[in-house]
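Some notes on the structure that comes next.
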Amino acid sequence: MSYEHILVDKEDGVGILTLNRPDKLNAMNRKLAGELHDAVKSMDADDAIGCIVITGAGTRAFSAGGDIHEQREDDRDAIRPPRRGSYEIAASAKPTIGMINGLAYGGAAVLASSLDMRVGCEDSRFRFLAAAYGRINSTWSLPNQVGWPIAKELLFTARVVEAEEAYRIGLLNHLVSRDQLLAKTIELARTIAGNNRAAVMGIKTLLLKQMTQSLEEQWAEERHFTTHVVRGAKAEEAFPEFIARHGRPLD
């Protein structure tokens with residue numbers, strides 16, 4: 001499927017989705033949001049893809065957030081049902097990485113914080129600005145990334161978070177120079193994609209499901225999952241190279 005506001009690339013088991021409205025700082029209108037959601041779903045269903053990278057076109061912005069001009073038009077219309085796009089991207093079956101190549105404000109900060117991990121550069125910066133404009137968002141996504149106290153500060157103040165702080169508080173998994181941003185992101189994505197797909201997807205499923213469970217419930221859920229859903233590989237399957245070099249015949 002071809003898109004108007006999304007670029008799609010695939011290489012070495014990695015799907016790369018680029019928000020492509022650079023003249024608008026990749027602001028997310030309904031069409032872009034819908035295309036991104038569709039593209040993630042397509043990659044979820046593609047057996048050749050083991051990890052999904054989302055980034056923005058150009059050098060200034062991952063995305064400036066929601067398209068305010070379109071929001072003004074929406075305000076004149078009847079109330080629209082809430083969109084599930086950000087949630088469904090967060091709940092993608094496959095790992096997701098945000099390559100934060102510039103600012104990520106408003107709705108883009110929500111999107112970035114809903115991804116599994118983020119790689120940034122010196123130009124990366126975030127702003128969870130809903131409270132400044134009488135709105136509420138990111139309460140379900142940000143605490144899972146940086147913890148409650150930091151999430152509260154960023155949501156209550158709506159201040160800018162520069163790259164170094166974002167890395168220090170865990171909002172960025174890696175902080176590299178801009179000229180290394182793509183290479184570092186793809187290296188991480190390829191490593192993930194190169195692992196056992198069922199195991200990686202199973203780990204993500206359990207992590208999402210277990211967020212509010214007790215330690216014992218998490219242990220029991222994992223035991224059930226690895227017994228009945230994704231059975232753990234036996235030694236012959238898991239370590240064939242080691243066994244070939246050092247193994248001995250079974251009795």
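In the structure tokens, chains take the letters A, B, ... in the order shown, each chain's residues start at 1, and ligands count up from 1 in the order shown.
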
**Request:** From a DSSP pass on the backbone, collect the residues of stretch 123-207 of chain A flagged as alpha helix (DSSP H) and hand them back as a ChimeraX atom specification.
**Result:** /A:143-146,148-157,163-168,178-193,197-207

If you count only C-alpha atoms, which residues fall within 8 Å of A:Leu36, apart from same-chain ones fewer than 4 positions away, as a CSV table (one decimal) with N, CA and C atoms, in the first residue's frame?
```csv
chain,number,residue,atom,x,y,z
A,6,ILE,N,3.6,8.9,4.9
A,6,ILE,CA,4.5,7.9,5.6
A,6,ILE,C,5.4,7.3,4.5
A,17,LEU,N,9.5,3.3,9.4
A,17,LEU,CA,8.4,4.1,9.1
A,17,LEU,C,8.8,5.6,9.4
A,19,LEU,N,7.7,9.5,9.3
A,19,LEU,CA,6.6,10.6,9.3
A,19,LEU,C,7.1,11.6,8.3
A,32,LEU,N,-2.0,11.3,8.4
A,32,LEU,CA,-0.7,10.7,8.8
A,32,LEU,C,-0.9,9.7,9.9
A,40,VAL,N,2.0,0.2,10.8
A,40,VAL,CA,2.4,-0.6,11.9
A,40,VAL,C,1.7,-2.0,11.9
```

Find the nearest atom pair between each residue of stretch 147-213 of chain A and stretch 57-61 of chain A for residues within 12 Å, count only C-alpha atoms, give distances in Å to one decimal, sort rows by chain and ascending number, and present the table as CSV.
```
residue,atom,partner,partner_atom,distance
A:Arg178,CA,A:Thr59,CA,9.1
A:Asp179,CA,A:Thr59,CA,11.0
A:Leu181,CA,A:Thr59,CA,11.3
```

**Item:** Picked from stretch 13-214 of chain A by DSSP as strand (DSSP E), as a ChimeraX atom specification
**Value:** /A:14-19,51-56,61-63,96-100,103-105,117-120,125-127,160-162,174-175

Could the residues in this selection be written to a file with N, CA and C atoms, as a CSV table (one decimal), in the first residue's frame?
```csv
chain,number,residue,atom,x,y,z
A,14,VAL,N,14.1,-5.3,9.6
A,14,VAL,CA,13.7,-4.1,10.3
A,14,VAL,C,12.7,-3.3,9.4
A,15,GLY,N,11.6,-2.9,9.9
A,15,GLY,CA,10.7,-2.0,9.2
A,15,GLY,C,10.9,-0.6,9.7
A,16,ILE,N,11.1,0.3,8.7
A,16,ILE,CA,11.4,1.7,9.1
A,16,ILE,C,10.2,2.6,8.5
A,17,LEU,N,9.5,3.3,9.4
A,17,LEU,CA,8.4,4.1,9.1
A,17,LEU,C,8.8,5.6,9.4
A,18,THR,N,8.8,6.4,8.3
A,18,THR,CA,9.2,7.8,8.5
A,18,THR,C,8.0,8.7,8.3
A,19,LEU,N,7.7,9.5,9.3
A,19,LEU,CA,6.6,10.6,9.3
A,19,LEU,C,7.1,11.6,8.3
A,51,CYS,N,11.4,-6.0,14.0
A,51,CYS,CA,11.4,-4.8,14.8
A,51,CYS,C,11.0,-3.6,13.9
A,52,ILE,N,10.3,-2.7,14.5
A,52,ILE,CA,9.8,-1.5,13.8
A,52,ILE,C,10.4,-0.2,14.3
A,53,VAL,N,10.9,0.6,13.4
A,53,VAL,CA,11.5,1.9,13.8
A,53,VAL,C,10.6,3.0,13.2
A,54,ILE,N,10.3,4.0,14.1
A,54,ILE,CA,9.5,5.1,13.7
A,54,ILE,C,10.4,6.4,13.8
A,55,THR,N,10.5,7.2,12.8
A,55,THR,CA,11.2,8.4,12.9
A,55,THR,C,10.5,9.5,12.1
A,56,GLY,N,11.2,10.7,12.0
A,56,GLY,CA,10.6,11.8,11.2
A,56,GLY,C,11.5,12.2,10.1
A,61,ALA,N,12.6,17.9,13.3
A,61,ALA,CA,11.6,17.3,14.1
A,61,ALA,C,11.3,15.8,13.9
A,62,PHE,N,11.2,15.1,15.0
A,62,PHE,CA,10.5,13.8,14.9
A,62,PHE,C,9.1,14.1,14.5
A,63,SER,N,8.4,15.0,15.3
A,63,SER,CA,7.1,15.5,14.9
A,63,SER,C,6.8,16.7,15.9
A,96,THR,N,9.1,-1.8,19.1
A,96,THR,CA,9.1,-0.6,18.4
A,96,THR,C,10.2,0.3,19.0
A,97,ILE,N,10.9,1.0,18.1
A,97,ILE,CA,11.9,2.0,18.5
A,97,ILE,C,11.6,3.3,17.9
A,98,GLY,N,11.7,4.4,18.7
A,98,GLY,CA,11.6,5.7,18.2
A,98,GLY,C,13.0,6.3,17.9
A,99,MET,N,13.2,6.7,16.7
A,99,MET,CA,14.5,7.3,16.3
A,99,MET,C,14.2,8.8,16.4
A,100,ILE,N,14.5,9.5,17.5
A,100,ILE,CA,14.1,10.8,17.8
A,100,ILE,C,15.1,11.8,17.2
A,103,LEU,N,12.7,17.6,17.6
A,103,LEU,CA,11.8,17.8,18.7
A,103,LEU,C,10.6,16.8,18.6
A,104,ALA,N,10.1,16.4,19.7
A,104,ALA,CA,8.9,15.6,19.8
A,104,ALA,C,8.0,16.2,20.9
A,105,TYR,N,7.0,17.0,20.4
A,105,TYR,CA,6.2,17.8,21.2
A,105,TYR,C,4.7,17.3,21.2
A,117,MET,N,11.2,1.7,23.1
A,117,MET,CA,12.4,2.4,23.4
A,117,MET,C,12.7,3.5,22.4
A,118,ARG,N,13.7,4.4,22.8
A,118,ARG,CA,14.0,5.5,22.0
A,118,ARG,C,15.5,5.7,21.9
A,119,VAL,N,15.9,6.1,20.7
A,119,VAL,CA,17.3,6.5,20.5
A,119,VAL,C,17.3,8.0,20.0
A,120,GLY,N,18.2,8.8,20.7
A,120,GLY,CA,18.2,10.2,20.3
A,120,GLY,C,19.5,10.8,20.1
A,125,ARG,N,14.5,16.6,21.7
A,125,ARG,CA,13.9,17.2,22.9
A,125,ARG,C,12.4,16.9,22.9
A,126,PHE,N,11.9,16.8,24.1
A,126,PHE,CA,10.5,16.4,24.3
A,126,PHE,C,9.7,17.5,25.1
A,127,ARG,N,8.4,17.6,24.8
A,127,ARG,CA,7.6,18.4,25.6
A,127,ARG,C,6.2,17.8,25.7
A,160,VAL,N,10.1,21.8,28.6
A,160,VAL,CA,10.9,21.1,27.6
A,160,VAL,C,11.9,20.2,28.3
A,161,VAL,N,12.1,19.0,27.7
A,161,VAL,CA,13.1,18.1,28.2
A,161,VAL,C,14.2,18.0,27.2
A,162,GLU,N,15.4,18.5,27.5
A,162,GLU,CA,16.5,18.4,26.5
A,162,GLU,C,17.1,17.0,26.5
A,174,HIS,N,19.4,5.5,24.4
A,174,HIS,CA,20.7,5.8,23.9
A,174,HIS,C,20.7,7.2,23.4
A,175,LEU,N,21.8,7.9,23.7
A,175,LEU,CA,22.0,9.3,23.2
A,175,LEU,C,23.4,9.3,22.4
```

**Message:** Considering only C-alpha atoms, can you say which of A:Pro149, A:Pro95, A:Gly194, A:Gly102 comes closest to A:Leu207?
**Reply:** A:Pro95

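The gap separating atom CA of A:Glu4 from atom CA of A:Ile186 is 24.1 Å, in Å to one decimal.
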
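With only C-alpha atoms taken into account, the protein and nucleic acid residues at most 12 Å from A:Asn196 (excluding it and anything under 4 positions from it in its own chain) are Gly13, Asp47, Ile49, Gly50, Cys51, Lys94, Arg190, Thr191, Ile192, Val200, Met201, Gly202, Ile203, Val230, Gly232, Ala233, Glu237 and Ala238 of chain A.
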
**Asked** Using only C-alpha atoms, which of the listed residues (A:Ile150, A:Ala199, A:Ile89, A:Cys121) sits closest to A:Ser177?
**Response**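 With only C-alpha atoms as the atom set, the closest residue is A:Cys121.
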
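Across A:Asn29, A:Thr157, A:Asn195, A:Ser214, the tightest approach to A:Ala132 is made by A:Thr157 when counting only C-alpha atoms.
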
**Request:** Using only C-alpha atoms, determine which residues lie at most 10 Å from A:Tyr87, disregarding the query and same-chain residues fewer than 3 positions distant; provide the list as a PyMOL selection string.
**Result:** chain A and resi 37+83-84+90-92+110-111+114-115+140-141

Using the selection just defined, write its residues with all heavy atoms as a compact mmCIF listing (two decimals), in the first residue's frame.
```txt
# COMPACT_ATOMS: atom_id res chain seq x y z
N HIS A 37 -0.74 4.13 11.72
CA HIS A 37 -1.43 2.99 12.36
C HIS A 37 -1.53 1.82 11.40
O HIS A 37 -1.23 0.67 11.75
CB HIS A 37 -2.82 3.44 12.82
CG HIS A 37 -3.64 2.35 13.42
ND1 HIS A 37 -4.61 1.68 12.73
CD2 HIS A 37 -3.63 1.83 14.67
CE1 HIS A 37 -5.17 0.77 13.50
NE2 HIS A 37 -4.60 0.84 14.70
N ARG A 83 -9.61 8.19 19.25
CA ARG A 83 -8.83 7.30 18.40
C ARG A 83 -7.98 6.37 19.25
O ARG A 83 -7.46 6.77 20.28
CB ARG A 83 -7.92 8.12 17.48
CG ARG A 83 -8.67 9.07 16.55
CD ARG A 83 -7.67 9.83 15.68
NE ARG A 83 -8.12 11.18 15.42
CZ ARG A 83 -7.34 12.16 15.00
NH1 ARG A 83 -6.06 11.93 14.82
NH2 ARG A 83 -7.81 13.36 14.78
N ARG A 84 -7.79 5.16 18.79
CA ARG A 84 -7.02 4.16 19.52
C ARG A 84 -5.63 3.97 18.92
O ARG A 84 -4.91 3.05 19.31
CB ARG A 84 -7.77 2.82 19.51
CG ARG A 84 -9.00 2.83 20.37
CD ARG A 84 -9.81 1.53 20.17
NE ARG A 84 -9.03 0.34 20.43
CZ ARG A 84 -8.89 -0.22 21.63
NH1 ARG A 84 -9.48 0.32 22.68
NH2 ARG A 84 -8.18 -1.34 21.77
N ALA A 90 1.38 1.22 20.63
CA ALA A 90 2.07 0.79 21.85
C ALA A 90 1.91 -0.70 22.08
O ALA A 90 2.83 -1.37 22.56
CB ALA A 90 1.54 1.56 23.05
N ALA A 91 0.73 -1.22 21.73
CA ALA A 91 0.44 -2.65 21.95
C ALA A 91 0.83 -3.50 20.75
O ALA A 91 0.48 -4.69 20.70
CB ALA A 91 -1.04 -2.82 22.25
N SER A 92 1.56 -2.93 19.80
CA SER A 92 2.05 -3.69 18.65
C SER A 92 2.71 -4.98 19.13
O SER A 92 3.41 -5.01 20.15
CB SER A 92 3.06 -2.85 17.87
OG SER A 92 3.86 -3.65 17.01
N VAL A 110 3.56 11.96 23.10
CA VAL A 110 2.71 10.82 23.46
C VAL A 110 3.12 9.60 22.64
O VAL A 110 3.32 8.50 23.19
CB VAL A 110 1.22 11.13 23.22
CG1 VAL A 110 0.36 9.93 23.61
CG2 VAL A 110 0.78 12.36 23.99
N LEU A 111 3.24 9.78 21.33
CA LEU A 111 3.64 8.68 20.46
C LEU A 111 5.00 8.13 20.88
O LEU A 111 5.18 6.92 21.03
CB LEU A 111 3.69 9.14 19.00
CG LEU A 111 4.29 8.15 18.00
CD1 LEU A 111 3.47 6.87 17.94
CD2 LEU A 111 4.40 8.80 16.61
N SER A 114 5.00 6.07 23.94
CA SER A 114 4.24 4.82 23.82
C SER A 114 5.04 3.72 23.13
O SER A 114 4.61 2.57 23.10
CB SER A 114 2.93 5.06 23.06
OG SER A 114 3.16 5.28 21.68
N LEU A 115 6.22 4.08 22.59
CA LEU A 115 7.06 3.09 21.94
C LEU A 115 7.90 2.34 22.97
O LEU A 115 8.05 2.79 24.11
CB LEU A 115 7.96 3.78 20.90
CG LEU A 115 7.22 4.58 19.83
CD1 LEU A 115 8.20 5.27 18.89
CD2 LEU A 115 6.25 3.71 19.05
N TRP A 140 -0.97 7.38 30.61
CA TRP A 140 -0.88 5.92 30.47
C TRP A 140 0.44 5.48 29.87
O TRP A 140 0.81 4.31 29.97
CB TRP A 140 -2.03 5.40 29.59
CG TRP A 140 -1.97 5.95 28.19
CD1 TRP A 140 -2.45 7.17 27.77
CD2 TRP A 140 -1.37 5.35 27.05
NE1 TRP A 140 -2.18 7.36 26.43
CE2 TRP A 140 -1.53 6.25 25.95
CE3 TRP A 140 -0.73 4.13 26.82
CZ2 TRP A 140 -1.06 5.97 24.67
CZ3 TRP A 140 -0.26 3.86 25.54
CH2 TRP A 140 -0.43 4.78 24.49
N SER A 141 1.16 6.39 29.24
CA SER A 141 2.38 6.01 28.54
C SER A 141 3.65 6.43 29.27
O SER A 141 4.60 5.65 29.40
CB SER A 141 2.38 6.58 27.12
OG SER A 141 2.31 8.00 27.15
```
